[in-house]
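The next block is work_26.txt, given as compact mmCIF, C-alpha atoms.
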```
# COMPACT_ATOMS: atom_id res chain seq x y z
CA MET A 51 -224.69 -104.55 119.30
CA PRO A 52 -225.09 -102.55 116.03
CA LYS A 53 -228.51 -102.65 114.42
CA ILE A 54 -228.81 -103.33 110.70
CA TYR A 55 -231.85 -102.29 108.69
CA LEU A 56 -232.28 -104.40 105.55
CA GLU A 57 -234.33 -102.26 103.21
CA LYS A 58 -235.28 -104.96 100.72
CA GLU A 59 -236.58 -107.32 103.41
CA ASP A 60 -237.80 -104.40 105.55
CA LYS A 61 -236.39 -105.89 108.74
CA ILE A 62 -233.95 -104.99 111.49
CA LEU A 63 -231.21 -107.33 112.72
CA GLU A 64 -228.66 -107.14 115.50
CA VAL A 65 -225.17 -108.31 114.67
CA LYS A 66 -222.07 -108.95 116.72
CA GLU A 67 -219.56 -107.79 114.10
CA LEU A 68 -218.44 -104.13 114.15
CA LEU A 69 -216.60 -103.80 110.84
CA VAL A 70 -219.09 -103.18 107.99
CA SER A 71 -217.28 -105.57 105.63
CA ASP A 72 -217.52 -108.32 108.28
CA ILE A 73 -221.24 -107.61 108.69
CA LEU A 74 -221.79 -107.97 104.93
CA LYS A 75 -219.79 -111.19 104.95
CA SER A 76 -221.79 -112.64 107.83
CA LEU A 77 -225.07 -111.71 106.09
CA LYS A 78 -223.74 -113.14 102.78
CA ILE A 79 -224.30 -109.81 101.02
CA ASN A 80 -222.15 -108.99 97.99
CA PRO A 81 -220.72 -105.48 98.64
CA THR A 82 -220.99 -104.52 94.95
CA THR A 83 -224.78 -104.88 95.15
CA VAL A 84 -225.58 -102.54 98.05
CA LEU A 85 -225.20 -99.03 99.43
CA ILE A 86 -224.58 -98.65 103.15
CA THR A 87 -225.85 -95.60 105.03
CA LYS A 88 -225.43 -94.35 108.58
CA ASN A 89 -227.58 -91.39 109.64
CA ASN A 90 -228.62 -91.05 105.97
CA GLU A 91 -225.00 -90.62 104.86
CA LEU A 92 -223.19 -93.10 102.65
CA ILE A 93 -220.36 -95.00 104.33
CA LEU A 94 -217.80 -97.48 103.03
CA ASP A 95 -217.40 -101.05 104.16
CA ASP A 96 -214.09 -100.32 105.91
CA VAL A 97 -215.95 -98.32 108.61
CA LYS A 98 -215.92 -99.70 112.15
CA LEU A 99 -219.22 -99.21 113.98
CA SER A 100 -219.84 -98.64 117.65
CA LYS A 101 -222.26 -100.88 119.53
CA GLU A 102 -224.97 -98.20 119.47
CA ASP A 103 -224.79 -97.57 115.71
CA ARG A 104 -227.57 -98.30 113.29
CA ILE A 105 -226.92 -98.66 109.56
CA SER A 106 -229.12 -99.34 106.52
CA ILE A 107 -228.34 -101.69 103.68
CA ILE A 108 -229.93 -100.54 100.41
CA PRO A 109 -229.85 -102.80 97.34
CA VAL A 110 -228.53 -101.08 94.21
CA ILE A 111 -229.87 -103.62 91.76
CA SER A 112 -232.71 -102.55 89.53
CA GLY A 113 -236.10 -103.72 90.64
CA GLY A 114 -237.19 -104.60 87.11
CA MET B 263 -208.70 -93.14 104.24
CA PRO B 264 -210.13 -89.76 103.04
CA CYS B 265 -211.15 -88.67 99.52
CA LYS B 266 -208.27 -89.00 97.05
CA PHE B 267 -208.61 -85.38 95.93
CA CYS B 268 -209.75 -83.25 98.86
CA SER B 269 -209.48 -85.19 102.15
CA GLU B 270 -213.25 -85.05 102.78
CA LYS B 271 -215.14 -88.12 104.03
CA PRO B 272 -215.50 -90.67 101.18
CA VAL B 273 -218.92 -91.91 99.99
CA ILE B 274 -217.67 -94.52 97.50
CA GLN B 275 -214.66 -96.60 96.62
CA LEU B 276 -214.58 -96.68 92.84
CA PRO B 277 -215.04 -100.13 91.36
CA ASN B 278 -211.91 -101.86 90.18
CA SER B 279 -209.77 -99.23 91.94
CA GLU B 280 -208.37 -98.19 95.31
CA ARG B 281 -209.68 -94.63 94.79
CA LYS B 282 -212.13 -93.31 97.36
CA LEU B 283 -214.13 -90.17 96.59
CA CYS B 284 -216.22 -87.74 98.67
CA LYS B 285 -219.67 -86.56 97.59
CA SER B 286 -218.63 -83.56 95.54
CA CYS B 287 -215.60 -85.23 93.87
CA PHE B 288 -217.73 -88.29 93.04
CA ILE B 289 -220.47 -86.19 91.41
CA LYS B 290 -217.84 -84.40 89.29
CA TYR B 291 -216.24 -87.74 88.34
CA PHE B 292 -219.62 -89.30 87.47
CA GLU B 293 -220.85 -86.41 85.34
CA ARG B 294 -217.52 -86.09 83.52
CA LYS B 295 -217.54 -89.79 82.69
CA ALA B 296 -221.11 -89.67 81.33
CA ILE B 297 -220.40 -86.51 79.30
CA ARG B 298 -217.19 -88.04 77.96
CA THR B 299 -219.27 -90.99 76.71
CA ILE B 300 -221.80 -88.59 75.13
CA ASN B 301 -219.02 -86.67 73.36
CA LYS B 302 -216.82 -89.61 72.34
CA TYR B 303 -219.68 -91.56 70.72
CA LYS B 304 -221.59 -88.44 69.52
CA LEU B 305 -224.66 -89.59 71.47
CA ILE B 306 -226.21 -86.11 71.54
CA GLU B 307 -225.72 -83.27 69.08
CA GLU B 308 -227.09 -79.76 68.84
CA ASN B 309 -230.80 -79.53 67.90
CA ASP B 310 -231.42 -83.15 68.84
CA HIS B 311 -234.79 -84.03 70.33
CA VAL B 312 -233.91 -86.55 73.03
CA VAL B 313 -236.72 -88.64 74.44
CA ILE B 314 -235.67 -90.13 77.78
CA ALA B 315 -237.15 -93.53 78.59
CA VAL B 316 -238.01 -93.30 82.28
CA SER B 317 -239.19 -96.13 84.50
CA GLY B 318 -239.03 -94.13 87.72
CA GLY B 319 -236.07 -96.16 88.98
CA LYS B 320 -232.62 -94.91 89.98
CA ASP B 321 -231.03 -95.31 86.52
CA SER B 322 -233.58 -93.39 84.50
CA LEU B 323 -234.14 -90.66 87.10
CA SER B 324 -230.38 -90.15 87.36
CA LEU B 325 -230.24 -89.93 83.57
CA LEU B 326 -233.04 -87.38 83.52
CA HIS B 327 -231.24 -85.36 86.21
CA LEU B 328 -227.92 -85.46 84.34
CA LEU B 329 -229.36 -84.70 80.88
CA LYS B 330 -231.38 -81.77 82.20
CA LYS B 331 -228.16 -80.31 83.64
CA TYR B 332 -226.28 -81.13 80.41
CA CYS B 333 -228.88 -79.34 78.26
CA GLN B 334 -229.05 -76.30 80.52
CA LYS B 335 -225.28 -75.88 80.15
CA ARG B 336 -225.76 -75.91 76.38
CA ASN B 337 -228.41 -73.16 76.47
CA ASN B 338 -231.20 -75.70 75.99
CA LYS B 339 -230.34 -76.19 72.31
CA ILE B 340 -231.35 -79.81 72.84
CA LYS B 341 -235.02 -80.62 73.37
CA LEU B 342 -235.85 -83.14 76.12
CA SER B 343 -239.06 -85.15 76.60
CA VAL B 344 -239.84 -88.11 78.82
CA LEU B 345 -241.57 -91.33 77.80
CA GLN B 346 -242.77 -93.85 80.35
CA ILE B 347 -244.22 -97.27 79.62
CA ASP B 348 -247.16 -98.31 81.75
CA GLU B 349 -247.16 -102.13 81.74
CA GLY B 350 -250.15 -102.19 84.08
CA ILE B 351 -248.59 -103.66 87.23
CA LYS B 352 -250.64 -102.74 90.29
CA ASP B 353 -248.79 -101.38 93.34
CA TYR B 354 -245.59 -101.17 91.30
CA ARG B 355 -245.80 -99.19 88.07
CA ASP B 356 -248.67 -96.97 89.24
CA ILE B 357 -246.42 -95.85 92.12
CA SER B 358 -243.45 -95.08 89.87
CA ILE B 359 -245.66 -93.23 87.38
CA GLU B 360 -246.73 -90.88 90.18
CA ASP B 361 -243.05 -90.38 91.12
CA THR B 362 -242.15 -89.63 87.49
CA LYS B 363 -245.04 -87.16 87.16
CA LYS B 364 -243.80 -85.20 90.18
CA PHE B 365 -240.23 -85.32 88.94
CA CYS B 366 -241.10 -84.14 85.41
CA LYS B 367 -243.25 -81.34 86.81
CA SER B 368 -240.42 -80.08 88.99
CA PHE B 369 -238.02 -80.25 86.03
CA GLY B 370 -240.47 -78.66 83.58
CA ILE B 371 -240.26 -81.59 81.13
CA LYS B 372 -243.26 -83.02 79.32
CA LEU B 373 -244.14 -86.61 80.23
CA HIS B 374 -245.71 -88.99 77.69
CA ILE B 375 -247.11 -92.36 78.72
CA ALA B 376 -247.63 -95.39 76.46
CA SER B 377 -249.50 -98.33 77.93
CA TYR B 378 -249.73 -102.06 77.29
CA GLU B 379 -253.47 -101.82 77.85
CA LYS B 380 -253.92 -99.30 75.04
CA GLU B 381 -251.62 -101.28 72.73
CA THR B 382 -252.77 -104.85 73.44
CA GLY B 383 -256.08 -104.36 75.26
CA LYS B 384 -254.62 -105.93 78.42
CA THR B 385 -252.50 -104.94 81.38
CA LEU B 386 -249.50 -107.13 82.28
CA ASP B 387 -251.34 -108.21 85.45
CA LYS B 388 -254.20 -109.48 83.28
CA ILE B 389 -251.86 -111.17 80.79
CA LYS B 390 -250.07 -112.97 83.66
CA LYS B 391 -253.38 -114.09 85.15
CA GLN B 392 -254.48 -115.61 81.82
CA HIS B 393 -251.08 -116.99 80.79
CA LYS B 394 -249.47 -118.20 83.99
CA LYS B 395 -246.62 -120.06 82.27
CA THR B 396 -245.53 -117.07 80.18
CA ILE B 397 -242.26 -115.51 81.37
CA ALA B 398 -243.19 -111.89 82.00
CA CYS B 399 -239.70 -110.41 81.45
CA SER B 400 -239.14 -111.79 77.95
CA MET B 401 -242.59 -110.68 76.80
CA CYS B 402 -242.25 -107.36 78.61
CA GLY B 403 -238.84 -106.64 77.04
CA VAL B 404 -240.28 -107.10 73.54
CA LEU B 405 -243.34 -104.92 74.16
CA ARG B 406 -241.37 -102.22 75.98
CA ARG B 407 -238.77 -101.87 73.20
CA TYR B 408 -241.54 -101.83 70.59
CA LEU B 409 -243.51 -99.10 72.36
CA LEU B 410 -240.43 -97.01 73.14
CA ASN B 411 -239.41 -96.98 69.47
CA LYS B 412 -242.94 -96.46 68.14
CA TYR B 413 -243.82 -93.61 70.52
CA SER B 414 -240.47 -91.84 70.37
CA ARG B 415 -240.81 -91.84 66.57
CA LYS B 416 -244.33 -90.42 66.95
CA LEU B 417 -242.83 -87.70 69.16
CA LYS B 418 -240.34 -86.96 66.35
CA ALA B 419 -237.39 -87.86 68.57
CA THR B 420 -233.94 -87.97 67.03
CA LYS B 421 -232.54 -90.04 69.95
CA LEU B 422 -234.02 -92.28 72.62
CA ALA B 423 -231.95 -92.16 75.82
CA THR B 424 -232.01 -95.03 78.30
CA GLY B 425 -230.43 -95.45 81.73
CA HIS B 426 -228.58 -98.64 80.78
CA ASN B 427 -225.34 -98.93 82.75
CA LEU B 428 -222.17 -101.02 82.49
CA ASP B 429 -223.74 -103.88 84.47
CA ASP B 430 -226.74 -104.04 82.11
CA GLU B 431 -224.47 -104.10 79.08
CA ALA B 432 -222.18 -106.80 80.52
CA GLN B 433 -225.30 -108.92 81.22
CA SER B 434 -226.61 -108.46 77.65
CA ILE B 435 -223.23 -109.38 76.13
CA ILE B 436 -222.99 -112.57 78.22
CA MET B 437 -226.63 -113.50 77.62
CA ASN B 438 -226.10 -113.20 73.86
CA GLN B 439 -222.92 -115.30 74.10
CA PHE B 440 -224.70 -118.01 76.09
CA ARG B 441 -227.48 -118.14 73.49
CA HIS B 442 -225.16 -117.82 70.48
CA ASN B 443 -227.05 -114.69 69.48
CA ILE B 444 -224.24 -112.55 68.13
CA ALA B 445 -226.49 -110.69 65.68
CA LEU B 446 -228.24 -109.22 68.72
CA SER B 447 -224.91 -108.18 70.23
CA ALA B 448 -224.16 -106.22 67.04
CA ARG B 449 -227.05 -103.93 67.99
CA LEU B 450 -225.55 -103.14 71.42
CA GLY B 451 -223.03 -100.41 72.30
CA PRO B 452 -223.29 -96.81 73.60
CA ILE B 453 -225.49 -96.03 70.57
CA THR B 454 -227.59 -98.90 69.25
CA GLY B 455 -228.37 -100.03 65.76
CA VAL B 456 -226.37 -101.59 62.95
CA LYS B 457 -227.45 -99.29 60.13
CA LYS B 458 -229.48 -96.10 59.96
CA ASP B 459 -233.18 -96.49 59.24
CA PRO B 460 -235.72 -93.70 59.80
CA ARG B 461 -238.11 -96.23 61.37
CA PHE B 462 -235.63 -96.94 64.19
CA ILE B 463 -234.86 -94.17 66.65
CA PRO B 464 -231.21 -94.66 67.76
CA ARG B 465 -231.03 -95.57 71.44
CA ILE B 466 -228.25 -93.88 73.41
CA LYS B 467 -226.73 -94.95 76.74
CA PRO B 468 -224.79 -92.13 78.46
CA PHE B 469 -224.18 -94.39 81.53
CA TYR B 470 -222.56 -97.08 79.38
CA PHE B 471 -219.24 -97.00 81.28
CA LEU B 472 -220.71 -96.39 84.77
CA THR B 473 -221.50 -99.29 87.07
CA GLU B 474 -224.86 -99.92 88.69
CA LYS B 475 -223.37 -99.07 92.09
CA GLU B 476 -222.02 -95.75 90.77
CA VAL B 477 -225.42 -94.85 89.31
CA ALA B 478 -227.14 -95.83 92.58
CA THR B 479 -224.66 -93.68 94.52
CA TYR B 480 -225.35 -90.70 92.22
CA ALA B 481 -229.10 -91.25 92.65
CA TYR B 482 -228.79 -91.52 96.43
CA LEU B 483 -226.70 -88.34 96.68
CA HIS B 484 -229.36 -86.45 94.70
CA ASN B 485 -232.19 -87.94 96.71
CA LEU B 486 -233.59 -89.74 93.66
CA ILE B 487 -234.02 -93.14 95.29
CA SER B 488 -237.31 -93.77 96.96
CA LYS B 489 -238.10 -96.95 98.83
CA PHE B 490 -236.83 -100.14 97.16
CA ASN B 491 -239.59 -101.31 94.89
CA GLU B 492 -239.18 -104.52 92.95
CA CYS B 493 -241.26 -105.65 89.98
CA PRO B 494 -243.36 -108.57 91.24
CA TYR B 495 -242.52 -110.58 88.10
CA CYS B 496 -238.75 -109.99 87.91
CA GLU B 497 -237.71 -113.22 89.68
CA GLU B 498 -238.55 -115.18 86.58
CA SER B 499 -235.91 -113.60 84.38
CA ASN B 500 -232.84 -115.28 82.93
CA ARG B 501 -231.15 -111.85 83.03
CA PHE B 502 -231.26 -111.83 86.84
CA PHE B 503 -229.54 -115.18 86.96
CA ILE B 504 -226.74 -113.75 84.77
CA ARG B 505 -226.67 -110.59 86.88
CA ASP B 506 -226.13 -112.53 90.11
CA MET B 507 -223.52 -114.71 88.47
CA LEU B 508 -221.56 -111.67 87.22
CA ASN B 509 -221.80 -109.99 90.62
CA ASP B 510 -220.36 -113.10 92.26
CA VAL B 511 -217.49 -113.20 89.76
CA GLU B 512 -216.92 -109.44 90.19
CA ALA B 513 -216.65 -109.82 93.98
CA LYS B 514 -214.00 -112.47 93.53
CA TYR B 515 -212.22 -110.92 90.53
CA PRO B 516 -212.79 -107.13 90.60
CA GLY B 517 -212.83 -105.55 87.15
CA THR B 518 -214.53 -108.47 85.39
CA LYS B 519 -217.54 -106.45 84.23
CA HIS B 520 -215.34 -103.61 82.96
CA SER B 521 -213.25 -106.15 81.05
CA ILE B 522 -216.31 -107.75 79.45
CA VAL B 523 -217.54 -104.38 78.18
CA ALA B 524 -214.06 -103.13 77.16
CA SER B 525 -213.39 -106.33 75.17
CA PHE B 526 -216.81 -106.05 73.56
CA ILE B 527 -216.26 -102.42 72.52
CA GLU B 528 -213.09 -103.54 70.69
CA VAL B 529 -214.92 -106.10 68.56
CA LEU B 530 -218.17 -104.15 68.14
CA PRO B 531 -217.11 -102.34 64.90
CA LEU B 532 -216.42 -105.78 63.35
CA LEU B 533 -219.84 -107.08 64.44
CA LYS B 534 -221.61 -104.02 63.04
CA LYS B 535 -219.75 -104.48 59.74
CA LYS B 536 -220.68 -108.17 59.58
CA TYR B 537 -224.38 -107.54 60.14
CA LYS B 538 -224.85 -104.22 58.35
CA ASN B 539 -226.46 -105.81 55.30
CA GLN B 540 -229.17 -107.49 57.34
CA GLU B 541 -232.49 -106.60 55.77
CA ILE B 542 -235.04 -104.53 57.71
CA ASN B 543 -238.61 -105.34 56.68
CA SER B 544 -241.94 -103.83 57.66
CA CYS B 545 -244.05 -106.11 59.83
CA ARG B 546 -246.90 -107.60 57.79
CA LEU B 547 -249.36 -106.81 60.61
CA CYS B 548 -248.32 -103.50 62.18
CA LYS B 549 -245.83 -102.10 59.62
CA GLU B 550 -243.23 -101.51 62.34
CA PRO B 551 -239.61 -102.39 61.40
CA THR B 552 -238.51 -105.99 61.90
CA SER B 553 -235.91 -108.46 60.66
CA SER B 554 -238.58 -111.10 60.02
CA GLU B 555 -241.99 -111.13 58.34
CA ILE B 556 -243.92 -110.51 61.57
CA CYS B 557 -242.36 -108.47 64.37
CA SER B 558 -241.78 -109.90 67.86
CA ALA B 559 -244.37 -107.56 69.39
CA CYS B 560 -247.10 -108.81 67.04
CA LYS B 561 -246.11 -112.40 67.89
CA VAL B 562 -246.54 -111.55 71.58
CA LYS B 563 -249.88 -109.81 70.86
CA GLU B 564 -251.07 -112.90 68.99
CA LYS B 565 -250.00 -115.17 71.86
CA ILE B 566 -251.87 -113.19 74.51
CA LYS B 567 -255.02 -112.65 72.42
CA SER B 568 -257.06 -115.39 74.02
```

Once you've parsed the file, please lay out its structure as structure tokens.
Amino acid sequence: MPKIYLEKEDKILEVKELLVSDILKSLKINPTTVLITKNNELILDDVKLSKEDRISIIPVISGG
Amino acid sequence: MPCKFCSEKPVIQLPNSERKLCKSCFIKYFERKAIRTINKYKLIEENDHVVIAVSGGKDSLSLLHLLKKYCQKRNNKIKLSVLQIDEGIKDYRDISIEDTKKFCKSFGIKLHIASYEKETGKTLDKIKKQHKKTIACSMCGVLRRYLLNKYSRKLKATKLATGHNLDDEAQSIIMNQFRHNIALSARLGPITGVKKDPRFIPRIKPFYFLTEKEVATYAYLHNLISKFNECPYCEESNRFFIRDMLNDVEAKYPGTKHSIVASFIEVLPLLKKKYKNQEINSCRLCKEPTSSEICSACKVKEKIKS
């Protein structure tokens, strides 16, 4: 299953979904508020992951 | 689907659009849009001294990066300096100040720091410890704006540039609507202020028409984003409630934030006209400009005295 690193919470999750947009939906994350990276490269939410992939979710909102 | 212009791998789908852009096409798009804003609203002119307000976050570092490039292309006929406000927040602002120092050194730009402690005798951490019920963000916003104007004037700046983006502006417009504070909205726009006054340094926002996600993408592609670092007091803010609300509406109805700002820009000249005769006094205590007898910063200073 793909591994998801949530940068704000600093934790790693395993998810069953493969399509990035489905992953965001299942984690209740608004796509306009995050950047998604795979191997340090930005990817879009229409990307389909393989089971071995690991992506990071980086919040874009200002931290104050 | 590849980049709309060159068939490379896309890094972003532009908000409110089906267009997907690769790294190099996105950077060109982003910089053109910011420069178009600078030119259209005459934000920067030759021989200006632009002080950039930097927090060390993605917006202000991206702005610093873009303006440095912009000035180099104009044979450095525009002077740039950086001003950072040190609120005194342990394990937050001290980290970003170090980041800004490194950044300014590598860019060869002078960094100036103004602190709450020097101005009020207390750090924000200390103020929050003594006044637990005080909402940090509202107090902080007043002091930050006050110090940015006061110090940029001391530095003989002709413009004060901030990293405010389209999301920030949409939030401010809605917040002012919710509070029936239209006089405050009259001061918004790509260049702030209702009438010219030498005591106020005009604030300029080159990222006015770029979304937060676009700015974050630009920052990421230039390696300007360090680890996510959130102000420990930011949860308390009304602005963040509005921000989340607008993001929810945007997800459901893409283009909402653009529409809010576009509609506002249409009525802004009328607002500026309506409020242009508002009197600007000198604060009885600190002599800084204010619309009332005592400025908001002095009211905050008085409140946190004990």

Residue hits in chain B, query chain A, radius 7 Å, only C-alpha atoms, as a PyMOL selection string: chain B and resi 273-274+474-475+478+490-493+496+513

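From atom CA of Asn485 of chain B back to atom CA of Asn301 of chain B, the distance works out to 26.8 Å.
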
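Distances to Tyr495 of chain B were evaluated for B:Lys384, B:His426, B:Lys364, B:Arg355 using all atoms listed in the file, and the minimum falls at B:Arg355.
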
Distance of atom CA of Gln433 of chain B from atom CA of Cys545 of chain B, expressed in Å to one decimal place: 28.6 Å

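Interatomic distance, atom CA of Ser317 of chain B against atom CA of Tyr470 of chain B: 17.4 Å.
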
Exercise: Thr424 of chain B partners within 8 Å, only C-alpha atoms, chain neighbours under 4 positions left out, as JSON, numbers by chain: {"B": [314, 315, 316, 322, 325, 465, 466, 467, 468]}

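Of the residues under consideration (B:Tyr408, B:Tyr515, B:Phe369, B:Phe292), B:Tyr408 shows the shortest atom-to-atom contact distance to Cys557 of chain B when counting only C-alpha atoms.
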